[in-house]
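Chemist: What follows is final_16.tsv, TSV, C-alpha atoms and all ligand atoms.
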chain	number	residue	atom	x	y	z
U	1	MET	CA	8.94	5.32	18.82
U	2	THR	CA	10.06	7.03	15.70
U	3	GLU	CA	7.88	9.14	13.48
U	4	GLY	CA	7.53	7.69	9.99
U	5	THR	CA	11.06	8.02	8.72
U	6	ASP	CA	11.80	8.01	5.07
U	7	GLY	CA	14.07	5.26	3.89
U	8	GLY	CA	16.76	7.83	3.37
U	9	ASP	CA	17.33	8.27	7.12
U	10	PRO	CA	20.85	6.85	7.35
U	11	ASP	CA	20.88	6.97	11.15
U	12	ALA	CA	17.74	4.83	11.46
U	13	LEU	CA	19.08	2.36	8.91
U	14	ALA	CA	22.46	2.21	10.64
U	15	ALA	CA	20.81	1.63	14.01
U	16	LEU	CA	18.58	-1.10	12.59
U	17	ALA	CA	21.58	-2.71	10.88
U	18	SER	CA	23.56	-2.83	14.10
U	19	GLU	CA	20.59	-4.26	16.00
U	20	LEU	CA	20.29	-6.96	13.34
U	21	ARG	CA	24.04	-7.67	13.55
U	22	GLU	CA	23.81	-8.05	17.35
U	23	ALA	CA	20.56	-10.03	17.30
U	24	ASP	CA	20.63	-13.69	18.31
U	25	ARG	CA	17.30	-14.31	16.59
U	26	ALA	CA	15.59	-12.34	13.82
U	27	ILE	CA	12.91	-12.94	11.17
U	28	ALA	CA	11.32	-11.07	8.30
U	29	LEU	CA	7.55	-11.06	7.70
U	30	THR	CA	6.75	-10.15	4.11
U	31	GLY	CA	3.76	-9.23	1.96
U	32	ALA	CA	2.82	-8.40	-1.58
U	33	GLY	CA	4.93	-5.21	-1.59
U	34	LEU	CA	8.04	-7.43	-1.82
U	35	SER	CA	6.92	-8.73	-5.24
U	36	ALA	CA	5.59	-5.47	-6.71
U	37	ALA	CA	8.96	-4.77	-8.33
U	38	SER	CA	8.77	-8.25	-9.90
U	39	GLY	CA	5.65	-7.13	-11.75
U	40	ILE	CA	3.12	-8.77	-9.43
U	41	PRO	CA	0.47	-6.21	-8.39
U	42	THR	CA	-0.32	-5.81	-4.70
U	43	PHE	CA	-3.79	-6.42	-3.28
U	44	ARG	CA	-4.20	-3.02	-1.58
U	45	GLY	CA	-2.62	0.41	-1.90
U	46	ASP	CA	-2.02	2.07	-5.27
U	47	ASP	CA	-3.27	-0.16	-8.13
U	48	GLY	CA	-4.33	-2.81	-5.59
U	49	VAL	CA	-6.09	-5.83	-7.05
U	50	TRP	CA	-9.01	-5.82	-4.65
U	51	GLY	CA	-11.42	-3.11	-5.75
U	52	ASP	CA	-12.68	-2.23	-9.22
U	53	VAL	CA	-11.29	-5.21	-11.10
U	54	PHE	CA	-11.55	-8.13	-8.65
U	55	ASP	CA	-13.79	-8.72	-5.66
U	56	GLU	CA	-12.32	-10.57	-2.66
U	57	ALA	CA	-15.71	-12.27	-2.13
U	58	ASP	CA	-15.27	-14.16	-5.42
U	59	PHE	CA	-12.22	-15.87	-3.93
U	60	HIS	CA	-13.75	-16.92	-0.60
U	61	ILE	CA	-13.78	-20.63	0.25
U	62	ARG	CA	-17.60	-20.43	0.21
U	63	ARG	CA	-17.50	-19.39	-3.46
U	64	PHE	CA	-15.17	-22.31	-4.21
U	65	THR	CA	-17.49	-24.85	-2.57
U	66	ASP	CA	-20.74	-23.35	-3.96
U	67	ASP	CA	-19.51	-22.67	-7.51
U	68	PRO	CA	-16.16	-24.33	-8.27
U	69	ALA	CA	-16.50	-23.78	-12.03
U	70	GLY	CA	-17.14	-20.04	-11.62
U	71	PHE	CA	-14.41	-19.84	-8.97
U	72	TRP	CA	-11.85	-21.34	-11.39
U	73	THR	CA	-12.91	-18.99	-14.19
U	74	ASP	CA	-12.25	-15.98	-11.93
U	75	ARG	CA	-9.13	-17.54	-10.43
U	76	LEU	CA	-7.61	-18.00	-13.88
U	77	GLU	CA	-8.36	-14.36	-14.72
U	78	LEU	CA	-6.83	-13.23	-11.39
U	79	HIS	CA	-3.73	-15.35	-12.02
U	80	GLU	CA	-3.28	-13.87	-15.49
U	81	HIS	CA	-3.77	-10.33	-14.15
U	82	MET	CA	-1.17	-10.91	-11.43
U	83	THR	CA	1.46	-12.67	-13.56
U	84	PRO	CA	3.69	-10.46	-15.73
U	85	GLU	CA	4.45	-11.48	-19.31
U	86	GLY	CA	7.10	-14.22	-19.17
U	87	GLY	CA	6.53	-14.85	-15.47
U	88	ALA	CA	7.93	-13.18	-12.35
U	89	GLY	CA	11.40	-13.53	-10.87
U	90	PRO	CA	12.85	-12.46	-7.52
U	91	ASN	CA	13.98	-8.84	-7.18
U	92	ALA	CA	16.65	-7.07	-5.09
U	93	ALA	CA	14.41	-7.11	-2.02
U	94	HIS	CA	14.03	-10.91	-2.11
U	95	GLU	CA	17.76	-11.26	-2.73
U	96	ALA	CA	18.65	-9.01	0.21
U	97	LEU	CA	16.59	-11.17	2.58
U	98	ALA	CA	18.21	-14.32	1.13
U	99	GLU	CA	21.65	-12.82	1.78
U	100	LEU	CA	20.70	-12.00	5.37
U	101	GLU	CA	19.46	-15.55	5.92
U	102	ASN	CA	22.52	-17.02	4.26
U	103	ALA	CA	24.74	-14.94	6.59
U	104	GLY	CA	22.85	-16.31	9.60
U	105	VAL	CA	21.28	-12.93	10.43
U	106	LEU	CA	17.69	-14.01	9.62
U	107	ASP	CA	16.39	-17.32	10.96
U	108	ALA	CA	13.53	-17.42	8.47
U	109	VAL	CA	11.30	-15.45	6.15
U	110	VAL	CA	7.61	-15.72	7.06
U	111	THR	CA	5.64	-14.70	4.00
U	112	GLN	CA	2.01	-14.04	3.08
U	113	ASN	CA	3.00	-14.24	-0.59
U	114	THR	CA	2.15	-17.32	-2.61
U	115	ASP	CA	4.49	-16.56	-5.54
U	116	GLY	CA	7.47	-18.64	-4.38
U	117	LEU	CA	9.91	-15.77	-5.03
U	118	HIS	CA	11.70	-15.98	-1.66
U	119	ALA	CA	12.69	-19.58	-2.38
U	120	ALA	CA	13.59	-18.58	-5.95
U	121	ALA	CA	15.95	-15.95	-4.49
U	122	GLY	CA	17.67	-18.66	-2.40
U	123	THR	CA	16.00	-18.25	0.99
U	124	GLU	CA	15.94	-21.73	2.52
U	125	SER	CA	13.69	-21.30	5.52
U	126	VAL	CA	10.49	-19.84	4.09
U	127	ILE	CA	7.19	-20.22	5.92
U	128	GLU	CA	4.41	-19.75	3.35
U	129	LEU	CA	1.50	-18.88	5.63
U	130	HIS	CA	-0.89	-18.48	2.68
U	131	GLY	CA	0.35	-21.43	0.65
U	132	ASN	CA	1.81	-21.49	-2.84
U	133	SER	CA	-0.08	-20.66	-6.04
U	134	GLU	CA	2.20	-22.88	-8.12
U	135	ARG	CA	0.55	-25.95	-6.59
U	136	VAL	CA	-3.03	-27.24	-6.61
U	137	VAL	CA	-4.48	-29.69	-4.09
U	138	CYS	CA	-7.26	-32.23	-4.58
U	139	ARG	CA	-10.19	-31.72	-2.21
U	140	GLY	CA	-10.92	-35.44	-2.45
U	141	CYS	CA	-7.65	-37.23	-1.79
U	142	GLY	CA	-5.31	-34.39	-0.82
U	143	ARG	CA	-2.93	-35.05	-3.72
U	144	THR	CA	-0.93	-31.97	-4.77
U	145	THR	CA	0.44	-31.30	-8.22
U	146	ALA	CA	1.87	-28.42	-10.30
U	147	ALA	CA	-0.66	-25.69	-10.95
U	148	GLU	CA	0.29	-24.59	-14.47
U	149	PRO	CA	-0.78	-27.77	-16.35
U	150	VAL	CA	-4.07	-27.65	-14.41
U	151	ARG	CA	-4.53	-23.96	-15.29
U	152	GLU	CA	-4.00	-24.96	-18.92
U	153	ARG	CA	-6.82	-27.50	-18.62
U	154	VAL	CA	-9.03	-24.76	-17.13
U	155	ARG	CA	-8.15	-22.50	-20.07
U	156	GLU	CA	-9.26	-25.31	-22.35
U	157	GLY	CA	-12.60	-25.54	-20.57
U	158	GLU	CA	-12.18	-28.13	-17.80
U	159	ARG	CA	-14.02	-26.20	-15.07
U	160	PRO	CA	-13.57	-27.21	-12.40
U	161	PRO	CA	-10.39	-29.26	-13.03
U	162	GLU	CA	-10.57	-32.73	-11.54
U	163	CYS	CA	-7.97	-34.91	-9.87
U	164	GLU	CA	-6.68	-37.66	-12.16
U	165	ALA	CA	-6.39	-40.03	-9.21
U	166	CYS	CA	-9.81	-39.76	-7.57
U	167	GLY	CA	-11.96	-37.35	-9.61
U	168	GLY	CA	-12.05	-34.86	-6.74
U	169	VAL	CA	-11.99	-31.11	-7.48
U	170	TYR	CA	-8.63	-29.37	-7.53
U	171	LYS	CA	-8.23	-26.17	-5.47
U	172	PRO	CA	-5.29	-23.75	-5.69
U	173	ASP	CA	-2.98	-24.74	-2.78
U	174	VAL	CA	-3.41	-21.31	-1.19
U	175	VAL	CA	-5.34	-20.21	1.89
U	176	LEU	CA	-8.59	-18.68	0.64
U	177	PHE	CA	-10.53	-16.10	2.64
U	178	GLY	CA	-12.57	-18.05	5.20
U	179	GLU	CA	-9.98	-20.85	5.46
U	180	LEU	CA	-7.69	-21.55	8.39
U	181	LEU	CA	-3.96	-21.13	7.93
U	182	PRO	CA	-1.81	-24.27	8.13
U	183	LYS	CA	-1.61	-24.85	11.91
U	184	ALA	CA	1.98	-26.00	12.15
U	185	ASP	CA	3.31	-23.13	10.01
U	186	LEU	CA	1.36	-20.54	11.97
U	187	ARG	CA	2.59	-21.97	15.28
U	188	LYS	CA	6.18	-21.98	13.99
U	189	ALA	CA	5.89	-18.38	12.78
U	190	LYS	CA	4.49	-17.21	16.14
U	191	ASN	CA	7.26	-19.04	18.04
U	192	LEU	CA	9.92	-17.53	15.80
U	193	ALA	CA	8.49	-14.03	16.34
U	194	ARG	CA	8.27	-14.64	20.10
U	195	ALA	CA	11.97	-15.49	20.21
U	196	SER	CA	13.11	-12.75	17.84
U	197	ASP	CA	15.19	-9.78	18.96
U	198	VAL	CA	14.31	-8.10	15.65
U	199	VAL	CA	11.28	-8.57	13.39
U	200	VAL	CA	11.36	-6.84	10.00
U	201	ALA	CA	7.82	-6.54	8.56
U	202	ALA	CA	8.25	-5.54	4.92
U	203	GLY	CA	5.87	-4.81	2.06
U	204	SER	CA	2.67	-5.67	3.87
U	205	SER	CA	-0.37	-3.59	4.77
U	206	LEU	CA	-0.55	-5.85	7.89
U	207	THR	CA	-4.33	-5.98	7.53
U	208	VAL	CA	-5.14	-9.71	7.14
U	209	ASP	CA	-4.99	-11.74	10.34
U	210	PRO	CA	-3.65	-14.01	11.68
U	211	ALA	CA	-0.56	-13.46	9.49
U	212	ALA	CA	-0.65	-9.70	10.07
U	213	SER	CA	-0.54	-10.23	13.85
U	214	ILE	CA	2.75	-12.13	13.82
U	215	PRO	CA	4.64	-9.00	15.03
U	216	SER	CA	2.42	-8.87	18.13
U	217	HIS	CA	3.93	-12.17	19.36
U	218	GLN	CA	7.38	-10.63	19.69
U	219	GLN	CA	8.43	-10.29	23.34
U	220	GLY	CA	10.78	-7.32	23.64
U	221	GLY	CA	13.34	-6.47	21.00
U	222	SER	CA	12.64	-4.22	18.01
U	223	LEU	CA	10.06	-4.15	15.26
U	224	ALA	CA	10.94	-2.53	11.94
U	225	VAL	CA	8.09	-1.82	9.51
U	226	VAL	CA	9.30	-1.16	5.97
U	227	ASN	CA	6.32	-0.17	3.83
U	228	LEU	CA	5.32	2.62	1.45
U	229	GLU	CA	2.20	3.25	3.47
U	230	SER	CA	1.55	3.41	7.20
U	231	THR	CA	0.27	0.20	8.81
U	232	ARG	CA	-1.43	-0.57	12.11
U	233	TYR	CA	1.99	-1.44	13.57
U	234	SER	CA	3.87	1.59	12.19
U	235	GLY	CA	3.09	3.82	15.17
U	236	ARG	CA	4.52	1.39	17.71
U	237	ALA	CA	7.44	0.15	15.64
U	238	GLU	CA	10.94	1.04	16.78
U	239	TYR	CA	11.70	1.66	13.09
U	240	ASP	CA	8.94	2.97	10.84
U	241	VAL	CA	10.54	3.17	7.39
U	242	ARG	CA	8.23	4.51	4.66
U	243	ALA	CA	10.21	3.56	1.62
U	244	ASP	CA	10.61	1.10	-1.21
U	245	VAL	CA	11.70	-2.36	-0.08
U	246	THR	CA	13.86	-2.74	-3.19
U	247	GLU	CA	15.94	0.19	-1.93
U	248	VAL	CA	15.82	-0.25	1.84
U	249	LEU	CA	16.39	-4.00	2.13
U	250	PRO	CA	19.51	-4.12	-0.09
U	251	ALA	CA	20.90	-1.04	1.74
U	252	LEU	CA	20.13	-2.72	5.06
U	253	ALA	CA	21.77	-6.01	4.03
U	254	GLU	CA	24.83	-4.12	2.82
U	255	ARG	CA	25.20	-2.33	6.18
U	256	VAL	CA	24.64	-5.48	8.20
U	257	LEU	CA	27.11	-7.52	6.18
U	258	GLU	CA	29.77	-4.83	5.62
B	1	LIG	N1	8.06	-1.09	-1.15
B	1	LIG	C1	7.44	-1.04	0.06
B	1	LIG	N2	6.09	-1.22	0.22
B	1	LIG	C2	5.38	-1.44	-0.90
B	1	LIG	C3	5.95	-1.50	-2.19
B	1	LIG	C4	7.36	-1.31	-2.29
B	1	LIG	N3	8.00	-1.36	-3.47
B	1	LIG	N4	4.96	-1.71	-3.09
B	1	LIG	C5	3.81	-1.79	-2.38
B	1	LIG	N5	4.06	-1.62	-1.08
B	1	LIG	C6	3.13	-1.71	0.05
B	1	LIG	C7	1.76	-1.13	-0.19
B	1	LIG	O1	1.74	0.23	0.20
B	1	LIG	C8	0.89	-1.98	0.72
B	1	LIG	O2	0.72	-1.37	2.00
B	1	LIG	O3	2.92	-3.09	0.23
B	1	LIG	C9	1.68	-3.28	0.90
B	1	LIG	C10	0.99	-4.47	0.28
B	1	LIG	O4	-0.18	-4.69	1.02
B	1	LIG	P1	-1.28	-5.73	0.48
B	1	LIG	O5	-1.49	-5.52	-0.97
B	1	LIG	O6	-2.43	-5.66	1.42
B	1	LIG	O7	-0.54	-7.13	0.60
B	1	LIG	P2	-0.42	-8.07	1.88
B	1	LIG	O8	-0.23	-7.27	3.12
B	1	LIG	O9	0.61	-9.08	1.56
B	1	LIG	O10	-1.87	-8.77	1.89
B	1	LIG	C11	-2.07	-9.80	2.81
B	1	LIG	O11	-4.22	-10.24	1.79
B	1	LIG	O12	-5.53	-10.52	-0.08
B	1	LIG	C12	-4.84	-11.17	0.91
B	1	LIG	O13	-3.97	-13.33	0.77
B	1	LIG	C13	-3.74	-12.02	0.33
B	1	LIG	O14	-1.57	-12.53	1.29
B	1	LIG	C14	-2.48	-11.48	0.96
B	1	LIG	C15	-3.00	-10.81	2.21
Could you write out this file's structure as structure tokens?
Modeler:
Amino acid sequence: MTEGTDGGDPDALAALASELREADRAIALTGAGLSAASGIPTFRGDDGVWGDVFDEADFHIRRFTDDPAGFWTDRLELHEHMTPEGGAGPNAAHEALAELENAGVLDAVVTQNTDGLHAAAGTESVIELHGNSERVVCRGCGRTTAAEPVRERVREGERPPECEACGGVYKPDVVLFGELLPKADLRKAKNLARASDVVVAAGSSLTVDPAASIPSHQQGGSLAVVNLESTRYSGRAEYDVRADVTEVLPALAERVLE
């Protein structure tokens, strides 16, 4: 077990890079810290969304079912708070993981993020455990459609927005607090972790289960936690890298692919 190493520890990075190069199977598990450099605020940690400005309870599935109009009003405000002017694009951390997948080093990226930036960076096998905020789903007929035109209707006062096909209420196609994660995706993520020689958990406080427990399914091999703050897995990780993902992940990809 290593003490929290700063990202500048070249030996740790070199060792992790060689383990990744030798690994038959490896995945990354990512969180909001990956997208911070893209202008999307994180939920916890410095300037985290949950706290003074927004209350998690307002985004619980119970709130959606009891008060869909109020839910959508707050959801629109949350979306606008979390979306930088002109929208968000992938950053060097997303691109580094896409390169590692493209080179066959990573089998998949399992993400808690709903911003679609891993796919935008070119990662092909992305498991979106918490869904995707660029889609909405009808609670009546299950139809999904693009979220932005529906958000526009909410801005114009249609609260809650209703499905054109059946009149059911649209819900953001994300996993709300109190909802179960998509079964098949969760099972796939656990199986991938179980088979992985290396799991890289990056940019996540690893506080929201079951996604945060994915590393615990790994059987043997090495866990690398790359995060500005300590997490509940940092103490038992083979690599505990307290540094910025936009620096560490590109440096790691460079070493693995050199
Ligand atoms: N580099 C490395 N780590 C970073 C960076 C960065 N540039 N920026 C922020 N971090 C770290 C923060 O220190 C924090 O520990 O990223 C972590 C982000 O943690 P959270 O905000 O809790 O995000 P996440 O772990 O993805 O949250 C899980 O909680 O609210 C729900 O559904 C939401 O998917 C989300 C889930």
Chemist: Write out as a ChimeraX atom specification each polymer residue (protein, DNA or RNA) that has an atom no more than 8 Å from ligand LIG 1 (chain B), with only C-alpha atoms and all ligand atoms counted.
Modeler: /U:30-37,41-46,48-50,56,111-114,130,175-177,202-208,211-212,226-231,242-246
Chemist: Taking 6 positions as the minimum chain separation for residues in the same chain, which residues sit within 12 Å of Glu85 of chain U when counting all atoms listed in the file? Answer as a list of chain:residue names.
Modeler: U:Ser38, U:Gly39, U:Ile40, U:His79
Chemist: Pick from U:Asn132, U:Arg159, U:Val150, U:Arg21: nearest to Asp67 of chain U, with all atoms listed in the file counted?
Modeler: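 Smallest separation from Asp67 of chain U among the options: U:Arg159.
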Chemist: Name the residues in contact with Ile127 of chain U at a cut-off of 9 Å, using only C-alpha atoms, excluding same-chain residues fewer than 3 positions from it; report them as a PDB file with C-alpha atoms, keeping the file's coordinate frame.
Modeler:
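File around_27.pdb, as written:
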ATOM      1  CA  ALA U 108      13.530 -17.420   8.470  1.00  0.00           C
ATOM      2  CA  VAL U 109      11.300 -15.450   6.150  1.00  0.00           C
ATOM      3  CA  VAL U 110       7.610 -15.720   7.060  1.00  0.00           C
ATOM      4  CA  THR U 111       5.640 -14.700   4.000  1.00  0.00           C
ATOM      5  CA  GLN U 112       2.010 -14.040   3.080  1.00  0.00           C
ATOM      6  CA  HIS U 130      -0.890 -18.480   2.680  1.00  0.00           C
ATOM      7  CA  GLY U 131       0.350 -21.430   0.650  1.00  0.00           C
ATOM      8  CA  ASP U 185       3.310 -23.130  10.010  1.00  0.00           C
ATOM      9  CA  LEU U 186       1.360 -20.540  11.970  1.00  0.00           C
ATOM     10  CA  LYS U 188       6.180 -21.980  13.990  1.00  0.00           C
ATOM     11  CA  ALA U 189       5.890 -18.380  12.780  1.00  0.00           C
TER      12      ALA U 189
END
Chemist: Could you check how far atom CA of Asp240 of chain U sits from atom CA of Ala224 of chain U, in Å to one decimal?
Modeler: 6.0 Å
Chemist: Write out as an MDAnalysis selection string each polymer residue whose atoms come within 9 Å of Glu19 of chain U, counting all atoms listed in the file; drop sequence neighbours fewer than 5 positions from it.
Modeler: chainID U and resid 14 197:198 222 256
Chemist: For the residues selected in the previous step, produce a file with C-alpha atoms as a compact mmCIF listing (two decimals), in the coordinates of the input.
Modeler:
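In the end it all went to out.txt:
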# COMPACT_ATOMS: atom_id res chain seq x y z
CA ALA U 14 22.46 2.21 10.64
CA ASP U 197 15.19 -9.78 18.96
CA VAL U 198 14.31 -8.10 15.65
CA SER U 222 12.64 -4.22 18.01
CA VAL U 256 24.64 -5.48 8.20
Chemist: Extract, using all atoms listed in the file, all DNA, RNA and protein residues at most 10 Å from Ser18 of chain U, discarding same-chain residues fewer than 6 positions from it, and format them as a PyMOL selection string.
Modeler: chain U and resi 12+252+255-257
